[in-house]
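Peer 1: Have a look at this one.
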Amino acid sequence: MKAEFQSYDVCVIGLGYIGLPTASIFATRGLKVFGVDVRADVVEIINGGGLHFHEPDLDVIVRAAVGSGNLRAGTTPVAARTFILAVPTPFSVGPKGEKIPDLSFVEQASRAIAPFVEPGNLVILESTSPVGTTELMRDWLLDERRKLVAAGRLALAGTGEQFLFAHCPERVLPGNMLKELVSNDRIAGGLTPEAGRVAKELYLRFCTGEIFVTDARTAEMAKLTENSFRDVNIAFANELSLICDHLGIDVWELIRLANRHPRVKILQPGPGVGGHCIAVDPWFIVHSAPEVSRLIRTAREVNDAKPHHIVARVRAAAAKLNQPVIACLGLAFKADIDDLRESPAMEITLEIARSGAGEVLAVEPHVTTPPKALVGVERVALVSLDEALRRADIVVLLVNHRQFLAVDRARLAGKIVIDTRGVWR
Ligand SMILES: NC(=O)c1ccc[n+]([C@@H]2O[C@H](COP(=O)([O-])OP(=O)(O)OC[C@H]3O[C@@H](n4cnc5c(N)ncnc54)[C@H](O)[C@@H]3O)[C@@H](O)[C@H]2O)c1
């Protein structure tokens with residue numbers, strides 16, 4: 001066992017959308033990688049060279065990594081030179097509706113690796129995290145080591161100076177991960193300059209983009225800033241869509257024209273903002289500095305309110321018909337992926353079904369069995385695109401999946417169409 005412990009270069013904790021591609025790509029670059037996930041089913045699938053979620057071309061990389069013997073997975077960590085934490089960082093909702101960062105996964109992972117980390121090792125937090133989390137990761141790890149020493153299960157607790165800690169946030173776009181993982185510029189934020197420098201060296205094994213070394217707090221804030229920037233700009237477009245609905249103006253035409261100004265680049269409105277990044281990360285800033293993050297909070301509120309506006313439009317249209325059939329096209333949070341987390345399309349579909357506005361036909365080409373959220377909800381069924389278009393009186397386009405862009409417009413004739421993405425204009 002000891003020989004195996006010594007042999008790993010990287011131990012990745014959390015084998016989801018971020019951890020698995022990262023572990024696999026290090027492995028295909030010749031590093032010995034051990035991946036850890038609390039889910040035994042995930043570990044089994046990966047050790048068999050398979051995938052537990054869809055991401056283009058990732059299957060090829062995982063198969064190659066596992067096949068070469070450079071990637072193995074298990075449910076408990078092993079010793080390695082570098083540890084990378086890629087566990088979830090969601091938020092929980094407080095008693096007054098406030099969004100509170102949930103760092104319990106980071107704490108569990110920090111404590112789980114504590115017995116295996118040796119002086120000189122590098123511990124990287126890749127999870128998107130509130131400012132100060134890398135310091136917390138260090139504190140949890142050292143606290144756990146002190147407890148292990150007290151229990152006689154570890155010889156040396158060590159000090160913060162004996163280990164290297166860094167935050168290296170991830171910017172990849174689901175659906176295009178493998179390309180972006182390699183080519184995106186990165187930030188390596190060390191708790192010490194040495195930690196940042198060593199982290200940079202590690203990512204240079206596969207990263208062709210530039211890697212900028214900074215401190216951990218700036219790196220944490222940089223990732224949150226990037227997603228808040230996107231959220232605020234989308235909120236502007238979404239607010240314009242509400243104003244235009246009110247004033248009887250076509251928002252898509254408006255934005256097309258305004259964007260001809262040489263210094264204006266308005267984004268496209270949509271049914272809301274989803275996913276586990278843009279819809280989550282701005283709350284980490286608001287939580288840390290509530291008095292001075294008013295614009296970021298308001299943007300979140302504008303984007304969170306947009307699904308209700310779409311539902312109101314659908315209900316108004318449905319009220320004019322007798323027992324209408326309503327097709328909701330798309331459940332994923334963005335185009336051409338199967339990820340339903342924090343998806344406004346899912347929220348809208350459920351809200352329409354629960355409102356009793358009519359029979360709801362949900363279409364999601366990337367999902368074969370009804371998602372858990374829909375199970376047990378009355379008057380909603382997962383059907384094919386063809387069936388939905390054949391039967392619907394109202395068609396609500398929620399996600400711009402390529403299958404929907406290709407729909408023959410003649411099939412929409414005579415139906416009420418609510419195109420939340422402006423792609424069928
Ligand atoms: N998915 C993205 O596009 C994306 C992009 C940038 C940043 N991020 C950030 O990366 C982090 C991970 O996101 P993700 O999308 O990969 O999440 P995910 O849910 O797909 O994967 C996380 C994995 O961690 C496992 N896990 C949870 N606790 C664990 C523990 N204590 N030990 C071992 N495994 C554990 C889960 O079982 C799961 O398989 C989050 O902070 C997220 O905000 C995600």
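Letters A, B, ... mark the chains of the structure tokens in the order given; residue numbers begin at 1 per chain; ligand numbers begin at 1, in order shown.
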I'd like the contact shell of stretch 210-215 of chain A - 8 Å cut-off, only C-alpha atoms, skipping same-chain residues fewer than 2 positions apart - returned as a list in words.
Peer 2: Asn184, Asp185, Arg186, Ile187, Ala188, Gly189, Gly190, Leu191, Thr192, Pro193, Gly196, Arg197, Lys200, Leu204, Cys207, Thr208, Arg217, Thr218 and Ala219 of chain A
Peer 1: Got a sec to check which residues lie within 6 Å of ligand 1, using only C-alpha atoms and all ligand atoms, and send them as an MDAnalysis selection string?
Peer 2: chainID A and resid 13:19 36:39 86:89 105 108:109 127:128 170:174 276:277
Peer 1: Grab the atom CA of A:Leu397 to atom CA of A:Asp419 distance for me, in Å with one decimal place.
Peer 2: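 Between atom CA of A:Leu397 and atom CA of A:Asp419 the gap is 4.8 Å.
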Peer 1: Which residue out of A:Val363, A:Gly356, A:Lys99, A:Asp41 has the minimum interatomic distance to A:Val377 when only C-alpha atoms are used?
Peer 2: A:Gly356
Peer 1: Using only C-alpha atoms, determine which residues lie at most 7 Å from A:Leu141, disregarding the query and same-chain residues fewer than 3 positions distant; provide the list as an MDAnalysis selection string.
Peer 2: chainID A and resid 110:111 114 137:138 144:145
Peer 1: Atom CA of A:Val395 and atom CA of A:Glu351, how far apart in Å?
Peer 2: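 We find that atom CA of A:Glu351 and atom CA of A:Val395 lie 15.4 Å from each other.
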Peer 1: Choose the residue, out of A:Thr82, A:Gln323, A:Thr368, A:Gln403, that has the smallest atom-to-atom separation from A:Leu385; count only C-alpha atoms.
Peer 2: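 Looking at the shortest contact to A:Leu385, the residue is A:Gln403.
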Peer 1: Show me, as a PyMOL selection string, the residues that have an atom within 12 Å of A:Val264 when counting only C-alpha atoms, minus same-chain residues fewer than 6 positions from it.
Peer 2: chain A and resi 233+255-258
Peer 1: Just the selected residues (all heavy atoms), exported as a short mmCIF file (atom, residue, chain, number, x, y, z; two decimals), in the first residue's frame, please.
Peer 2:
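That gives us result-v6.cif:
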data_model
loop_
_atom_site.label_atom_id
_atom_site.label_comp_id
_atom_site.auth_asym_id
_atom_site.auth_seq_id
_atom_site.Cartn_x
_atom_site.Cartn_y
_atom_site.Cartn_z
N ASN A 233 -24.88 41.91 -16.76
CA ASN A 233 -25.14 42.24 -18.17
C ASN A 233 -26.37 41.51 -18.71
O ASN A 233 -27.14 42.07 -19.49
CB ASN A 233 -23.90 41.93 -19.01
CG ASN A 233 -22.87 43.04 -18.86
OD1 ASN A 233 -22.97 44.08 -19.50
ND2 ASN A 233 -21.91 42.84 -17.98
N ILE A 255 -32.37 45.59 -29.54
CA ILE A 255 -30.98 45.29 -29.18
C ILE A 255 -30.10 45.23 -30.44
O ILE A 255 -28.97 45.72 -30.46
CB ILE A 255 -30.90 43.98 -28.36
CG1 ILE A 255 -31.54 44.22 -26.98
CG2 ILE A 255 -29.46 43.50 -28.21
CD1 ILE A 255 -31.66 42.98 -26.11
N ARG A 256 -30.67 44.67 -31.50
CA ARG A 256 -29.92 44.60 -32.76
C ARG A 256 -29.51 46.01 -33.20
O ARG A 256 -28.37 46.26 -33.59
CB ARG A 256 -30.79 43.93 -33.84
CG ARG A 256 -30.06 43.60 -35.12
CD ARG A 256 -30.98 42.90 -36.10
NE ARG A 256 -31.99 43.78 -36.67
CZ ARG A 256 -31.78 44.62 -37.68
NH1 ARG A 256 -30.59 44.68 -38.25
NH2 ARG A 256 -32.75 45.39 -38.13
N LEU A 257 -30.46 46.94 -33.08
CA LEU A 257 -30.18 48.30 -33.52
C LEU A 257 -29.23 49.02 -32.56
O LEU A 257 -28.28 49.67 -32.99
CB LEU A 257 -31.50 49.08 -33.64
CG LEU A 257 -32.45 48.56 -34.73
CD1 LEU A 257 -33.76 49.31 -34.69
CD2 LEU A 257 -31.81 48.67 -36.11
N ALA A 258 -29.47 48.87 -31.24
CA ALA A 258 -28.63 49.56 -30.26
C ALA A 258 -27.18 49.06 -30.37
O ALA A 258 -26.23 49.83 -30.16
CB ALA A 258 -29.17 49.33 -28.85
#
